[in-house]
Every structure is written in structure tokens, then in C-alpha cells.
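Content type TSV, C-alpha atoms and all ligand atoms, from the file run_8.tsv:
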```tsv
chain	number	residue	atom	x	y	z
A	1	MET	CA	-46.19	-56.75	-33.58
A	2	ARG	CA	-44.71	-58.27	-36.71
A	3	SER	CA	-41.52	-56.79	-38.11
A	4	ARG	CA	-41.37	-55.93	-41.79
A	5	VAL	CA	-37.56	-55.65	-41.76
A	6	THR	CA	-36.35	-58.40	-44.08
A	7	ASN	CA	-32.63	-57.58	-44.13
A	8	ARG	CA	-31.31	-56.59	-40.69
A	9	ARG	CA	-27.76	-55.94	-41.93
A	10	GLN	CA	-29.04	-53.51	-44.59
A	11	TYR	CA	-31.31	-51.88	-41.99
A	12	ARG	CA	-28.40	-51.28	-39.58
A	13	ARG	CA	-26.22	-50.01	-42.43
A	14	SER	CA	-28.85	-47.36	-43.31
A	15	ALA	CA	-29.87	-46.55	-39.73
A	16	THR	CA	-26.32	-45.77	-38.52
A	17	PRO	CA	-25.69	-42.73	-40.78
A	18	PHE	CA	-29.29	-41.63	-40.25
A	19	VAL	CA	-28.82	-41.57	-36.47
A	20	LEU	CA	-25.36	-39.95	-36.70
A	21	PHE	CA	-26.82	-37.22	-38.96
A	22	HIS	CA	-28.85	-36.03	-35.94
A	23	PHE	CA	-25.69	-35.22	-33.97
A	24	VAL	CA	-24.24	-32.91	-36.63
A	25	PRO	CA	-26.12	-29.75	-35.46
A	26	LEU	CA	-24.44	-30.23	-32.06
A	27	LEU	CA	-21.20	-29.17	-33.77
A	28	ALA	CA	-22.65	-25.64	-33.46
A	29	LEU	CA	-21.15	-25.81	-29.94
A	30	LEU	CA	-17.76	-25.63	-31.70
A	31	THR	CA	-18.65	-23.39	-34.66
A	32	GLY	CA	-20.80	-20.95	-32.68
A	33	VAL	CA	-24.30	-19.82	-33.64
A	34	THR	CA	-24.42	-16.90	-36.05
A	35	LYS	CA	-27.44	-14.82	-37.03
A	36	THR	CA	-27.01	-15.99	-40.65
A	37	ALA	CA	-27.13	-19.62	-39.53
A	38	LEU	CA	-30.39	-19.02	-37.64
A	39	VAL	CA	-31.95	-17.28	-40.65
A	40	LEU	CA	-30.88	-20.24	-42.83
A	41	LEU	CA	-32.27	-22.70	-40.27
A	42	VAL	CA	-35.75	-21.13	-40.21
A	43	GLY	CA	-35.82	-20.02	-43.86
A	44	LEU	CA	-34.74	-23.39	-45.25
A	45	TYR	CA	-37.18	-25.24	-43.02
A	46	VAL	CA	-40.11	-23.14	-44.29
A	47	LEU	CA	-38.97	-23.18	-47.93
A	48	ARG	CA	-38.42	-26.94	-48.09
A	49	MET	CA	-41.48	-27.88	-46.07
A	50	LEU	CA	-43.49	-25.86	-48.61
A	51	ALA	CA	-41.66	-27.60	-51.47
A	52	ILE	CA	-42.60	-30.97	-49.97
A	53	THR	CA	-46.25	-30.20	-49.27
A	54	CYS	CA	-47.03	-28.02	-52.30
A	55	GLY	CA	-44.60	-29.72	-54.70
A	56	TYR	CA	-43.90	-33.37	-53.89
A	57	HIS	CA	-47.28	-34.00	-52.29
A	58	ARG	CA	-50.00	-31.79	-53.75
A	59	TYR	CA	-48.49	-31.46	-57.23
A	60	PHE	CA	-46.37	-34.51	-58.14
A	61	SER	CA	-48.32	-37.09	-56.13
A	62	HIS	CA	-51.89	-35.85	-56.55
A	63	ARG	CA	-51.87	-33.33	-59.43
A	64	THR	CA	-54.20	-30.99	-57.51
A	65	TYR	CA	-53.20	-27.98	-59.66
A	66	LYS	CA	-51.18	-27.15	-62.76
A	67	MET	CA	-48.08	-25.10	-63.48
A	68	ASN	CA	-45.75	-24.74	-66.44
A	69	ARG	CA	-42.85	-27.09	-67.15
A	70	ALA	CA	-40.11	-24.68	-65.99
A	71	MET	CA	-41.83	-24.09	-62.65
A	72	GLN	CA	-42.45	-27.81	-62.29
A	73	PHE	CA	-38.71	-28.39	-62.60
A	74	VAL	CA	-37.82	-25.60	-60.13
A	75	VAL	CA	-40.28	-26.93	-57.53
A	76	GLY	CA	-39.04	-30.48	-58.09
A	77	PHE	CA	-35.41	-29.42	-57.67
A	78	ILE	CA	-36.11	-27.48	-54.45
A	79	GLY	CA	-37.89	-30.62	-53.24
A	80	THR	CA	-34.75	-32.72	-53.82
A	81	THR	CA	-32.77	-30.42	-51.50
A	82	ALA	CA	-34.87	-31.79	-48.60
A	83	ALA	CA	-33.00	-35.11	-49.01
A	84	GLN	CA	-36.16	-37.20	-49.31
A	85	ARG	CA	-35.17	-38.79	-52.62
A	86	GLY	CA	-36.51	-37.63	-56.01
A	87	PRO	CA	-40.01	-36.35	-56.86
A	88	ILE	CA	-41.02	-39.42	-58.90
A	89	TRP	CA	-39.84	-41.89	-56.23
A	90	TRP	CA	-41.66	-39.89	-53.54
A	91	ALA	CA	-44.86	-39.64	-55.60
A	92	LYS	CA	-44.81	-43.34	-56.51
A	93	TYR	CA	-44.71	-44.56	-52.91
A	94	HIS	CA	-47.15	-41.89	-51.80
A	95	ARG	CA	-49.67	-42.95	-54.44
A	96	ASP	CA	-49.20	-46.53	-53.19
A	97	HIS	CA	-49.92	-45.29	-49.65
A	98	HIS	CA	-53.30	-43.92	-50.77
A	99	LYS	CA	-54.10	-46.95	-52.91
A	100	TYR	CA	-53.40	-49.49	-50.15
A	101	ALA	CA	-53.71	-47.29	-47.01
A	102	ASP	CA	-53.33	-49.32	-43.80
A	103	THR	CA	-53.22	-52.68	-45.54
A	104	ASP	CA	-50.25	-55.04	-45.93
A	105	ARG	CA	-49.38	-53.35	-49.23
A	106	ASP	CA	-49.15	-49.87	-47.68
A	107	PRO	CA	-45.42	-49.00	-47.61
A	108	HIS	CA	-45.66	-47.21	-44.25
A	109	THR	CA	-48.73	-48.10	-42.24
A	110	PRO	CA	-48.45	-47.59	-38.44
A	111	LYS	CA	-50.01	-51.06	-38.16
A	112	ASP	CA	-46.40	-52.21	-38.41
A	113	GLY	CA	-45.30	-49.88	-35.61
A	114	PHE	CA	-44.67	-46.18	-35.15
A	115	TRP	CA	-40.99	-46.42	-36.06
A	116	TRP	CA	-41.68	-48.38	-39.25
A	117	SER	CA	-44.20	-45.79	-40.49
A	118	HIS	CA	-41.98	-42.88	-39.43
A	119	ILE	CA	-38.68	-43.90	-41.05
A	120	GLY	CA	-38.15	-47.66	-40.73
A	121	TRP	CA	-39.69	-48.36	-44.14
A	122	VAL	CA	-37.08	-46.10	-45.81
A	123	LEU	CA	-34.16	-47.52	-43.82
A	124	SER	CA	-35.24	-51.11	-44.53
A	125	GLY	CA	-33.88	-50.84	-48.08
A	126	ASP	CA	-36.95	-52.68	-49.41
A	127	PHE	CA	-38.21	-49.49	-51.00
A	128	HIS	CA	-34.91	-48.18	-52.32
A	129	ASP	CA	-35.70	-49.21	-55.88
A	130	CYS	CA	-38.91	-48.31	-57.55
A	131	ASP	CA	-41.11	-49.68	-60.30
A	132	TYR	CA	-42.05	-46.58	-62.24
A	133	ARG	CA	-44.81	-48.23	-64.26
A	134	GLY	CA	-47.95	-46.10	-63.99
A	135	MET	CA	-45.90	-42.94	-63.38
A	136	GLU	CA	-45.78	-41.89	-67.04
A	137	ASP	CA	-47.36	-38.51	-66.24
A	138	LEU	CA	-44.01	-37.69	-64.57
A	139	THR	CA	-41.49	-39.96	-66.33
A	140	LYS	CA	-42.36	-38.34	-69.67
A	141	TYR	CA	-40.26	-35.34	-68.56
A	142	PRO	CA	-36.52	-36.16	-68.99
A	143	GLU	CA	-35.49	-33.32	-66.65
A	144	LEU	CA	-37.62	-34.80	-63.85
A	145	VAL	CA	-36.21	-38.27	-64.50
A	146	PHE	CA	-32.70	-36.74	-64.28
A	147	ILE	CA	-33.18	-35.07	-60.87
A	148	ASN	CA	-35.03	-38.16	-59.69
A	149	LYS	CA	-32.08	-40.38	-60.64
A	150	HIS	CA	-29.43	-37.95	-59.36
A	151	ASP	CA	-31.31	-36.94	-56.22
A	152	TRP	CA	-28.03	-36.26	-54.38
A	153	ILE	CA	-27.35	-33.10	-56.43
A	154	GLY	CA	-29.95	-30.96	-54.64
A	155	PRO	CA	-28.77	-31.59	-51.06
A	156	TRP	CA	-25.11	-31.19	-52.01
A	157	VAL	CA	-25.73	-27.90	-53.85
A	158	LEU	CA	-27.68	-26.54	-50.88
A	159	GLY	CA	-25.10	-27.78	-48.36
A	160	ILE	CA	-22.29	-26.02	-50.26
A	161	LEU	CA	-24.36	-22.84	-50.63
A	162	CYS	CA	-25.05	-22.80	-46.89
A	163	THR	CA	-21.31	-23.13	-46.18
A	164	VAL	CA	-20.47	-20.30	-48.60
A	165	VAL	CA	-23.16	-18.01	-47.17
A	166	GLY	CA	-23.00	-18.88	-43.48
A	167	GLY	CA	-19.67	-20.67	-42.93
A	168	TRP	CA	-19.45	-23.85	-40.81
A	169	SER	CA	-22.28	-22.62	-38.61
A	170	GLY	CA	-24.41	-22.17	-41.73
A	171	LEU	CA	-23.67	-25.76	-42.72
A	172	VAL	CA	-24.22	-27.57	-39.41
A	173	LEU	CA	-27.18	-25.52	-38.24
A	174	GLY	CA	-28.61	-23.94	-41.40
A	175	PHE	CA	-28.41	-27.01	-43.61
A	176	PHE	CA	-28.24	-30.06	-41.32
A	177	GLY	CA	-30.53	-28.60	-38.62
A	178	SER	CA	-33.29	-27.60	-41.02
A	179	THR	CA	-32.99	-30.84	-43.01
A	180	ILE	CA	-33.58	-32.88	-39.86
A	181	GLY	CA	-36.57	-30.68	-39.01
A	182	VAL	CA	-38.15	-31.13	-42.44
A	183	TRP	CA	-37.49	-34.88	-42.29
A	184	HIS	CA	-39.35	-35.43	-39.04
A	185	ALA	CA	-42.17	-33.04	-39.92
A	186	THR	CA	-42.73	-34.96	-43.17
A	187	PHE	CA	-42.30	-38.38	-41.55
A	188	SER	CA	-44.81	-37.46	-38.84
A	189	ILE	CA	-47.51	-37.31	-41.53
A	190	ASN	CA	-46.87	-40.98	-42.31
A	191	SER	CA	-46.78	-41.94	-38.64
A	192	LEU	CA	-48.57	-39.51	-36.28
A	193	THR	CA	-51.45	-38.44	-38.52
A	194	HIS	CA	-52.52	-42.08	-38.65
A	195	LEU	CA	-52.30	-42.32	-34.85
A	196	VAL	CA	-53.28	-39.04	-33.15
A	197	GLY	CA	-55.97	-36.47	-33.87
A	198	ARG	CA	-59.65	-36.51	-34.75
A	199	ARG	CA	-61.52	-38.13	-37.59
A	200	ARG	CA	-64.19	-36.18	-39.47
A	201	TYR	CA	-64.69	-38.59	-42.37
A	202	ALA	CA	-65.25	-42.35	-42.28
A	203	THR	CA	-62.36	-43.16	-44.60
A	204	PRO	CA	-61.36	-46.84	-44.91
A	205	ASP	CA	-57.97	-46.01	-43.31
A	206	THR	CA	-56.85	-44.61	-39.92
A	207	SER	CA	-56.07	-41.04	-41.07
A	208	ARG	CA	-56.72	-38.19	-38.61
A	209	ASN	CA	-56.77	-34.39	-38.49
A	210	SER	CA	-54.35	-32.57	-36.19
A	211	PHE	CA	-54.17	-28.77	-35.81
A	212	ALA	CA	-50.68	-28.89	-34.23
A	213	LEU	CA	-49.26	-31.04	-37.03
A	214	ALA	CA	-50.93	-28.82	-39.63
A	215	LEU	CA	-49.05	-25.81	-38.22
A	216	VAL	CA	-45.69	-27.60	-38.23
A	217	THR	CA	-46.13	-29.11	-41.70
A	218	MET	CA	-47.75	-26.16	-43.51
A	219	GLY	CA	-51.14	-27.83	-43.80
A	220	GLU	CA	-50.36	-31.54	-43.99
A	221	GLY	CA	-51.92	-32.19	-40.57
A	222	TRP	CA	-55.44	-32.25	-42.10
A	223	HIS	CA	-54.72	-35.79	-43.15
A	224	ASN	CA	-58.20	-37.24	-42.67
A	225	ASN	CA	-59.59	-34.50	-44.95
A	226	HIS	CA	-56.83	-35.36	-47.40
A	227	HIS	CA	-57.55	-39.11	-47.43
A	228	HIS	CA	-61.24	-38.30	-47.90
A	229	TYR	CA	-60.56	-36.10	-50.92
A	230	PRO	CA	-56.92	-36.44	-52.11
A	231	ARG	CA	-57.53	-34.41	-55.29
A	232	SER	CA	-58.19	-31.23	-53.29
A	233	VAL	CA	-55.49	-28.56	-53.41
A	234	ARG	CA	-56.51	-27.43	-49.94
A	235	GLN	CA	-56.18	-29.85	-47.06
A	236	GLY	CA	-57.72	-27.57	-44.44
A	237	PHE	CA	-61.35	-27.54	-45.61
A	238	PHE	CA	-62.49	-24.59	-43.46
A	239	TRP	CA	-61.02	-21.17	-42.66
A	240	TRP	CA	-60.06	-22.27	-39.14
A	241	GLU	CA	-58.15	-25.27	-40.51
A	242	VAL	CA	-54.89	-23.39	-41.08
A	243	ASP	CA	-53.17	-24.55	-44.25
A	244	ALA	CA	-50.09	-22.44	-45.08
A	245	GLY	CA	-49.31	-24.51	-48.19
A	246	TYR	CA	-52.72	-23.72	-49.64
A	247	MET	CA	-52.33	-20.01	-48.76
A	248	LEU	CA	-49.08	-19.91	-50.74
A	249	LEU	CA	-50.69	-21.67	-53.72
A	250	LYS	CA	-53.64	-19.26	-53.60
A	251	VAL	CA	-51.24	-16.29	-53.84
A	252	MET	CA	-49.37	-18.07	-56.65
A	253	SER	CA	-52.68	-18.49	-58.51
A	254	TRP	CA	-53.36	-14.75	-58.24
A	255	LEU	CA	-49.93	-14.24	-59.82
A	256	HIS	CA	-50.88	-16.79	-62.54
A	257	VAL	CA	-47.96	-19.05	-61.60
A	258	VAL	CA	-50.32	-21.94	-60.83
A	259	HIS	CA	-53.81	-22.62	-62.18
A	260	ASP	CA	-56.62	-25.18	-62.39
A	261	MET	CA	-56.67	-25.78	-58.64
A	262	GLN	CA	-58.99	-28.64	-57.64
A	263	TYR	CA	-61.48	-28.42	-54.75
A	264	PRO	CA	-63.82	-30.92	-53.12
A	265	THR	CA	-67.42	-30.67	-54.29
A	266	PRO	CA	-70.03	-29.54	-51.69
A	267	ALA	CA	-71.57	-33.04	-51.89
A	268	SER	CA	-68.24	-34.75	-51.13
A	269	MET	CA	-67.66	-32.38	-48.19
A	270	GLN	CA	-70.89	-33.73	-46.66
A	271	ALA	CA	-70.32	-37.38	-47.58
A	272	ARG	CA	-69.12	-40.00	-45.07
A	273	LEU	CA	-69.32	-37.59	-42.11
A	274	ILE	CA	-68.86	-39.56	-38.88
A	275	ARG	CA	-71.00	-37.15	-36.85
A	276	THR	CA	-74.02	-37.99	-39.02
A	277	GLY	CA	-73.80	-41.59	-37.85
A	278	GLN	CA	-71.74	-42.90	-40.74
A	279	PHE	CA	-70.17	-46.26	-39.85
A	280	ASP	CA	-66.45	-45.59	-39.25
A	281	VAL	CA	-65.08	-48.47	-41.25
A	282	GLY	CA	-61.45	-47.28	-40.85
A	283	ARG	CA	-61.56	-47.33	-37.06
A	284	PHE	CA	-63.46	-50.63	-37.03
A	285	ARG	CA	-60.81	-52.22	-39.25
A	286	GLN	CA	-58.08	-50.88	-36.95
A	287	HIS	CA	-59.68	-52.47	-33.86
A	288	PHE	CA	-60.51	-55.66	-35.72
A	289	ASP	CA	-56.91	-56.06	-36.98
A	290	ARG	CA	-55.61	-55.47	-33.44
A	291	ALA	CA	-58.03	-58.04	-32.02
A	292	VAL	CA	-57.04	-60.62	-34.66
A	293	HIS	CA	-53.39	-59.94	-33.82
A	294	ILE	CA	-53.88	-60.29	-30.06
A	295	LEU	CA	-56.30	-63.25	-30.14
A	296	PRO	CA	-53.75	-66.06	-30.78
A	297	GLU	CA	-51.69	-64.86	-27.75
A	298	GLU	CA	-54.81	-64.56	-25.61
A	299	ALA	CA	-56.03	-67.95	-26.80
A	300	THR	CA	-52.76	-69.55	-25.66
A	301	HIS	CA	-53.07	-67.83	-22.28
A	302	VAL	CA	-56.67	-69.02	-21.84
A	303	ARG	CA	-55.66	-72.55	-22.91
A	304	GLU	CA	-52.94	-72.57	-20.17
A	305	LEU	CA	-55.42	-71.36	-17.55
A	306	LEU	CA	-57.84	-74.09	-18.56
A	307	ARG	CA	-55.09	-76.74	-18.36
A	308	GLU	CA	-54.09	-75.49	-14.88
A	309	ALA	CA	-57.75	-75.59	-13.79
A	310	ALA	CA	-58.08	-79.11	-15.21
A	311	ASP	CA	-54.89	-80.23	-13.39
A	312	GLN	CA	-56.14	-78.75	-10.11
A	313	ALA	CA	-59.51	-80.45	-10.56
A	314	ALA	CA	-57.78	-83.78	-11.29
A	315	THR	CA	-55.54	-83.39	-8.20
A	316	MET	CA	-58.54	-82.57	-5.99
A	317	ALA	CA	-60.48	-85.50	-7.41
A	318	SER	CA	-57.65	-87.98	-6.75
A	319	THR	CA	-57.13	-86.59	-3.21
A	320	SER	CA	-60.81	-86.96	-2.34
A	321	THR	CA	-60.84	-90.50	-3.82
A	322	ARG	CA	-57.83	-91.45	-1.65
A	323	ARG	CA	-59.52	-89.96	1.45
A	324	SER	CA	-62.75	-91.89	0.82
A	325	ARG	CA	-60.76	-95.15	0.37
A	326	VAL	CA	-58.98	-94.56	3.74
A	327	GLN	CA	-62.36	-93.96	5.44
A	328	THR	CA	-63.81	-97.21	4.04
B	1	ZN	ZN	-52.02	-41.26	-44.97
B	2	ZN	ZN	-51.51	-37.72	-50.26
```
Kindly present the structure from the file in C-alpha cells form.
Ligand SMILES: [Zn+2]
Ligand SMILES: [Zn+2]
Amino acid sequence: MRSRVTNRRQYRRSATPFVLFHFVPLLALLTGVTKTALVLLVGLYVLRMLAITCGYHRYFSHRTYKMNRAMQFVVGFIGTTAAQRGPIWWAKYHRDHHKYADTDRDPHTPKDGFWWSHIGWVLSGDFHDCDYRGMEDLTKYPELVFINKHDWIGPWVLGILCTVVGGWSGLVLGFFGSTIGVWHATFSINSLTHLVGRRRYATPDTSRNSFALALVTMGEGWHNNHHHYPRSVRQGFFWWEVDAGYMLLKVMSWLHVVHDMQYPTPASMQARLIRTGQFDVGRFRQHFDRAVHILPEEATHVRELLREAADQAATMASTSTRRSRVQT
């Protein structure tokens, strides 16, 4: 598998703090585990996972509903506390993911390996900077540009608040523990939902639906539905496709906090269904790409076998010639 890491030194420099970050919650062995820290751990996981799915993803990236400017800022700021960069950066690369899904221009396709799609693309440093052309629907708001540029403010504010409220235990478990949880839940949508699960729609990419991932990520696991109809506010298309993010937005709409929610049309729900015999172009492309990747290696192997066979044939031929000369 080809590696997309262009600067190994930069990659190691980013990966080291990222890996070390995962050991911080172990400091709870020294600080002890308080009830407040556990409440922070669960509460901040749920709050920030909802901010990522309902805010960064469904609102900033896909504009699947509307809300007023003040709420937009609040949701964007809560999103920054998840330490996944700013809302405009996040939306820009996510829109690119949909535009170029599972091609060489996709920032995080699992075609380049699980690790690359999970977090490698961020650690590579190649996507640190961003070309914000085409993002004018978001860059026209100076307050969003500010939190996008100073995306460190959110995590620091939350980290300090956790320390004030829950002490050292609140910091290492409440803040660091939940941040790591939200990271991997979000990253799994870029990696696992293009690798495991079932496909309902013949999308041109490898997206899949996964009930387990939908539970963990508040509805993001219905990724094949989402690639089929990205403008839909709900990612679980049926009542049994649990989508906590959509449930929250539905309640918010009753309270008139959000409005103009977008839904797939009945015709689009029935379009490109694999079970109706629709050609699954996404899966075909996946297998084709893999075959093209493997073929040169296999061709070399077959060429070696043929050369060995030719050598053996030549040896046998010369031996039999020698024998026949001896007999004559
Ligand atoms: Zn995807
Ligand atoms: Zn999306």
C-alpha cells in the first residue's frame, strides 16, 4: 500500500504528542477518580460528540438546517472544545471528502490504509493549512473566522473549567479522557464507516452503515445513507436507525432554535438501492483499485515462475541431449 506521508519528520513530530496524550487519563491512578470527574467524562463526551455531528458536520459542512447567528457561534465554539481544529477548517476538508470520496484527492480515504484515514492524514501536516476559497458561506462571519484561527481557545477554556470544577481528576479524566473518546469516535467515521458495515445505496464510494458506530457517534454511523443524500438532516433514514443527533435537532426545532431542516425526497430514498439490482459502482471500484494495485506484484511473481519453468525445461532438454549423444 502506498504511503501518503510526504514529510516523515513532521509526521513523527505530530504523532509523538498525539500518542502521549492517550496516557494522560492514566494519571487518574495518582489523582483518584471522583464522581465529578466521571460526570464530566460522560457529559463532555455526549455534549461534544453532539457538537461535532450536529454542528461541525450537519450544519457547517452540509447546511442541512438553519439557526440564528448567535446560536451558530455557540455551536461552533463548543465544537472547538473537541480539539478537532476550527469549524471552517473541519467543514472544508469534509466537503472535499464528499467531493472526491475514495479517490486520490480524498483527504482521508481508507484506500491509503486504516491509520491514514483514521488520523494519519491530520498528523501528516499536509492538511494543516487550508485554502478557504469556496467557503464564503462561513468565512463571511468574522466571529467564525476568529474561532477558526484561534482554535486553541476552546480546548484551553474547557480544560481550565474542568480543573476548577473537578480538580486534577476532572482535568485528566473529565477533559483528557472525554476528548480522546470524541476524537476516536469522530475519526472512526472517516476510517471504519468506509470499511465495515452494510451498504444500502450504490454510492460511488465505499461508505457503509453501522448500527454500533451510529450509537457511539450519535447517528454518524449511517454513513452510506449520508453519502447517498448528504443534504439530509437525519442520517438514520428509518425509525430503527437510531440517530441521537437528529433527535436533538428535532427537539430544538420544536423549540424554534433550529428550522428549515432538509430531508431526502421519497424518490431519492428509493434511488440507487442495491437490493433492487442496482450496479454497486462503489464496491466495484474498490475491488478494481485493489486488483490494479496487486497486479504488478502478481505479474512479477508469475514472471519469476515462468522463468524458473523455462530454466527447468532448458536443463531437462540439455540433459536429455547429452544422454542421447552418449547412447549414440
Ligand atoms: Zn465518508
Ligand atoms: Zn458529510
Identify, counting all atoms listed in the file, the protein, DNA and RNA residues located within 9 Å of ligand ZN 2 (chain B), and give them as a PDB file with C-alpha atoms, in the frame of the given file.
```pdb
ATOM      1  CA  HIS A  57     -47.280 -34.000 -52.290  1.00  0.00           C
ATOM      2  CA  ARG A  58     -50.000 -31.790 -53.750  1.00  0.00           C
ATOM      3  CA  SER A  61     -48.320 -37.090 -56.130  1.00  0.00           C
ATOM      4  CA  HIS A  62     -51.890 -35.850 -56.550  1.00  0.00           C
ATOM      5  CA  ALA A  91     -44.860 -39.640 -55.600  1.00  0.00           C
ATOM      6  CA  HIS A  94     -47.150 -41.890 -51.800  1.00  0.00           C
ATOM      7  CA  ARG A  95     -49.670 -42.950 -54.440  1.00  0.00           C
ATOM      8  CA  HIS A  97     -49.920 -45.290 -49.650  1.00  0.00           C
ATOM      9  CA  HIS A  98     -53.300 -43.920 -50.770  1.00  0.00           C
ATOM     10  CA  GLU A 220     -50.360 -31.540 -43.990  1.00  0.00           C
ATOM     11  CA  HIS A 223     -54.720 -35.790 -43.150  1.00  0.00           C
ATOM     12  CA  HIS A 226     -56.830 -35.360 -47.400  1.00  0.00           C
ATOM     13  CA  HIS A 227     -57.550 -39.110 -47.430  1.00  0.00           C
ATOM     14  CA  PRO A 230     -56.920 -36.440 -52.110  1.00  0.00           C
ATOM     15  CA  ARG A 231     -57.530 -34.410 -55.290  1.00  0.00           C
TER      16      ARG A 231
END
```
Given a cut-off of 12 Å, what residues near ligand ZN 1 (chain B) show up using only C-alpha atoms and all ligand atoms, put as a PDB file with C-alpha atoms, keeping the file's coordinate frame?
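Full text of selection_25.pdb as output:
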```
ATOM      1  CA  HIS A  57     -47.280 -34.000 -52.290  1.00  0.00           C
ATOM      2  CA  TYR A  93     -44.710 -44.560 -52.910  1.00  0.00           C
ATOM      3  CA  HIS A  94     -47.150 -41.890 -51.800  1.00  0.00           C
ATOM      4  CA  ARG A  95     -49.670 -42.950 -54.440  1.00  0.00           C
ATOM      5  CA  ASP A  96     -49.200 -46.530 -53.190  1.00  0.00           C
ATOM      6  CA  HIS A  97     -49.920 -45.290 -49.650  1.00  0.00           C
ATOM      7  CA  HIS A  98     -53.300 -43.920 -50.770  1.00  0.00           C
ATOM      8  CA  LYS A  99     -54.100 -46.950 -52.910  1.00  0.00           C
ATOM      9  CA  TYR A 100     -53.400 -49.490 -50.150  1.00  0.00           C
ATOM     10  CA  ALA A 101     -53.710 -47.290 -47.010  1.00  0.00           C
ATOM     11  CA  ASP A 102     -53.330 -49.320 -43.800  1.00  0.00           C
ATOM     12  CA  THR A 103     -53.220 -52.680 -45.540  1.00  0.00           C
ATOM     13  CA  ASP A 106     -49.150 -49.870 -47.680  1.00  0.00           C
ATOM     14  CA  PRO A 107     -45.420 -49.000 -47.610  1.00  0.00           C
ATOM     15  CA  HIS A 108     -45.660 -47.210 -44.250  1.00  0.00           C
ATOM     16  CA  THR A 109     -48.730 -48.100 -42.240  1.00  0.00           C
ATOM     17  CA  PRO A 110     -48.450 -47.590 -38.440  1.00  0.00           C
ATOM     18  CA  SER A 117     -44.200 -45.790 -40.490  1.00  0.00           C
ATOM     19  CA  HIS A 118     -41.980 -42.880 -39.430  1.00  0.00           C
ATOM     20  CA  THR A 186     -42.730 -34.960 -43.170  1.00  0.00           C
ATOM     21  CA  PHE A 187     -42.300 -38.380 -41.550  1.00  0.00           C
ATOM     22  CA  SER A 188     -44.810 -37.460 -38.840  1.00  0.00           C
ATOM     23  CA  ILE A 189     -47.510 -37.310 -41.530  1.00  0.00           C
ATOM     24  CA  ASN A 190     -46.870 -40.980 -42.310  1.00  0.00           C
ATOM     25  CA  SER A 191     -46.780 -41.940 -38.640  1.00  0.00           C
ATOM     26  CA  LEU A 192     -48.570 -39.510 -36.280  1.00  0.00           C
ATOM     27  CA  THR A 193     -51.450 -38.440 -38.520  1.00  0.00           C
ATOM     28  CA  HIS A 194     -52.520 -42.080 -38.650  1.00  0.00           C
ATOM     29  CA  LEU A 195     -52.300 -42.320 -34.850  1.00  0.00           C
ATOM     30  CA  THR A 203     -62.360 -43.160 -44.600  1.00  0.00           C
ATOM     31  CA  PRO A 204     -61.360 -46.840 -44.910  1.00  0.00           C
ATOM     32  CA  ASP A 205     -57.970 -46.010 -43.310  1.00  0.00           C
ATOM     33  CA  THR A 206     -56.850 -44.610 -39.920  1.00  0.00           C
ATOM     34  CA  SER A 207     -56.070 -41.040 -41.070  1.00  0.00           C
ATOM     35  CA  ARG A 208     -56.720 -38.190 -38.610  1.00  0.00           C
ATOM     36  CA  ASN A 209     -56.770 -34.390 -38.490  1.00  0.00           C
ATOM     37  CA  GLU A 220     -50.360 -31.540 -43.990  1.00  0.00           C
ATOM     38  CA  GLY A 221     -51.920 -32.190 -40.570  1.00  0.00           C
ATOM     39  CA  TRP A 222     -55.440 -32.250 -42.100  1.00  0.00           C
ATOM     40  CA  HIS A 223     -54.720 -35.790 -43.150  1.00  0.00           C
ATOM     41  CA  ASN A 224     -58.200 -37.240 -42.670  1.00  0.00           C
ATOM     42  CA  ASN A 225     -59.590 -34.500 -44.950  1.00  0.00           C
ATOM     43  CA  HIS A 226     -56.830 -35.360 -47.400  1.00  0.00           C
ATOM     44  CA  HIS A 227     -57.550 -39.110 -47.430  1.00  0.00           C
ATOM     45  CA  HIS A 228     -61.240 -38.300 -47.900  1.00  0.00           C
ATOM     46  CA  TYR A 229     -60.560 -36.100 -50.920  1.00  0.00           C
ATOM     47  CA  PRO A 230     -56.920 -36.440 -52.110  1.00  0.00           C
ATOM     48  CA  GLY A 282     -61.450 -47.280 -40.850  1.00  0.00           C
TER      49      GLY A 282
END
```
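Here CA of Arg9 (chain A) is placed at a distance of 25.1 Å from CA of His150 (chain A).
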At a cut-off of 12 Å, using only C-alpha atoms, what residues contact Ala70 (chain A)? Leave out same-chain residues fewer than 6 positions from it and give the result as a PyMOL selection string. chain A and resi 76-77+141+143-144+257-258
Distance query Val182 (chain A) at most 9 Å, all atoms listed in the file, self and fewer than 6 positions along chain excluded, as JSON, numbers by chain: {"A": [44, 45, 46, 48, 49, 52, 82, 217]}
Using C-alpha atoms, can you export the residues from the last selection as a compact mmCIF listing (two decimals), in the coordinates of the input?
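Ended up saving to result32.txt:
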```txt
# COMPACT_ATOMS: atom_id res chain seq x y z
CA LEU A 44 -34.74 -23.39 -45.25
CA TYR A 45 -37.18 -25.24 -43.02
CA VAL A 46 -40.11 -23.14 -44.29
CA ARG A 48 -38.42 -26.94 -48.09
CA MET A 49 -41.48 -27.88 -46.07
CA ILE A 52 -42.60 -30.97 -49.97
CA ALA A 82 -34.87 -31.79 -48.60
CA THR A 217 -46.13 -29.11 -41.70
```
Per-axis box centre and lengths in Å around region 131-144 of chain A, 6 Å margin per side, axis-aligned, as lines of an AutoDock Vina configuration file:
```
center_x = -41.7
center_y = -41.5
center_z = -65.0
size_x = 24.5
size_y = 28.4
size_z = 21.4
```
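For the set A:Val302, A:Leu40, A:Ala314, A:Leu249, the residue with the smallest atom-to-atom gap to Val165 (chain A) is A:Leu40, counting only C-alpha atoms.
Around Asn148 (chain A), within 10 Å and counting all atoms listed in the file, the residues found are Gly76, Phe77, Thr80, Arg85, Gly86, Pro87, Ile88, Trp89, Trp90, Thr139 and Pro142 of chain A, once anything fewer than 6 positions away on its own chain is removed.
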Deliver the residues from the most recent selection as a file, using C-alpha atoms, as a PDB file, keeping the file's coordinate frame.
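Output contents, as saved in selection-v9.pdb:
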```pdb
ATOM      1  CA  GLY A  76     -39.040 -30.480 -58.090  1.00  0.00           C
ATOM      2  CA  PHE A  77     -35.410 -29.420 -57.670  1.00  0.00           C
ATOM      3  CA  THR A  80     -34.750 -32.720 -53.820  1.00  0.00           C
ATOM      4  CA  ARG A  85     -35.170 -38.790 -52.620  1.00  0.00           C
ATOM      5  CA  GLY A  86     -36.510 -37.630 -56.010  1.00  0.00           C
ATOM      6  CA  PRO A  87     -40.010 -36.350 -56.860  1.00  0.00           C
ATOM      7  CA  ILE A  88     -41.020 -39.420 -58.900  1.00  0.00           C
ATOM      8  CA  TRP A  89     -39.840 -41.890 -56.230  1.00  0.00           C
ATOM      9  CA  TRP A  90     -41.660 -39.890 -53.540  1.00  0.00           C
ATOM     10  CA  THR A 139     -41.490 -39.960 -66.330  1.00  0.00           C
ATOM     11  CA  PRO A 142     -36.520 -36.160 -68.990  1.00  0.00           C
TER      12      PRO A 142
END
```
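Here CA of Leu171 (chain A) and CA of Val33 (chain A) stand 10.9 Å from one another.
Nearest-residue note for Tyr56 (chain A): choosing from A:Gln84, A:Asn68, A:Gly159, A:Arg283, the minimum distance belongs to A:Gln84, counting all atoms listed in the file.
Going from CA of Ala83 (chain A) over to CA of Arg69 (chain A), you cover 22.1 Å.
If all atoms listed in the file are the atoms counted, then among A:Ala310, A:Val233, A:Met269, A:Leu47 the closest residue to Thr64 (chain A) is A:Val233.
Residue neighbourhood of Gly43 (chain A), excluding near-sequence residues (fewer than 6 positions): Ala37, Met49, Gly174 and Ser178 of chain A, at 10 Å, using all atoms listed in the file.
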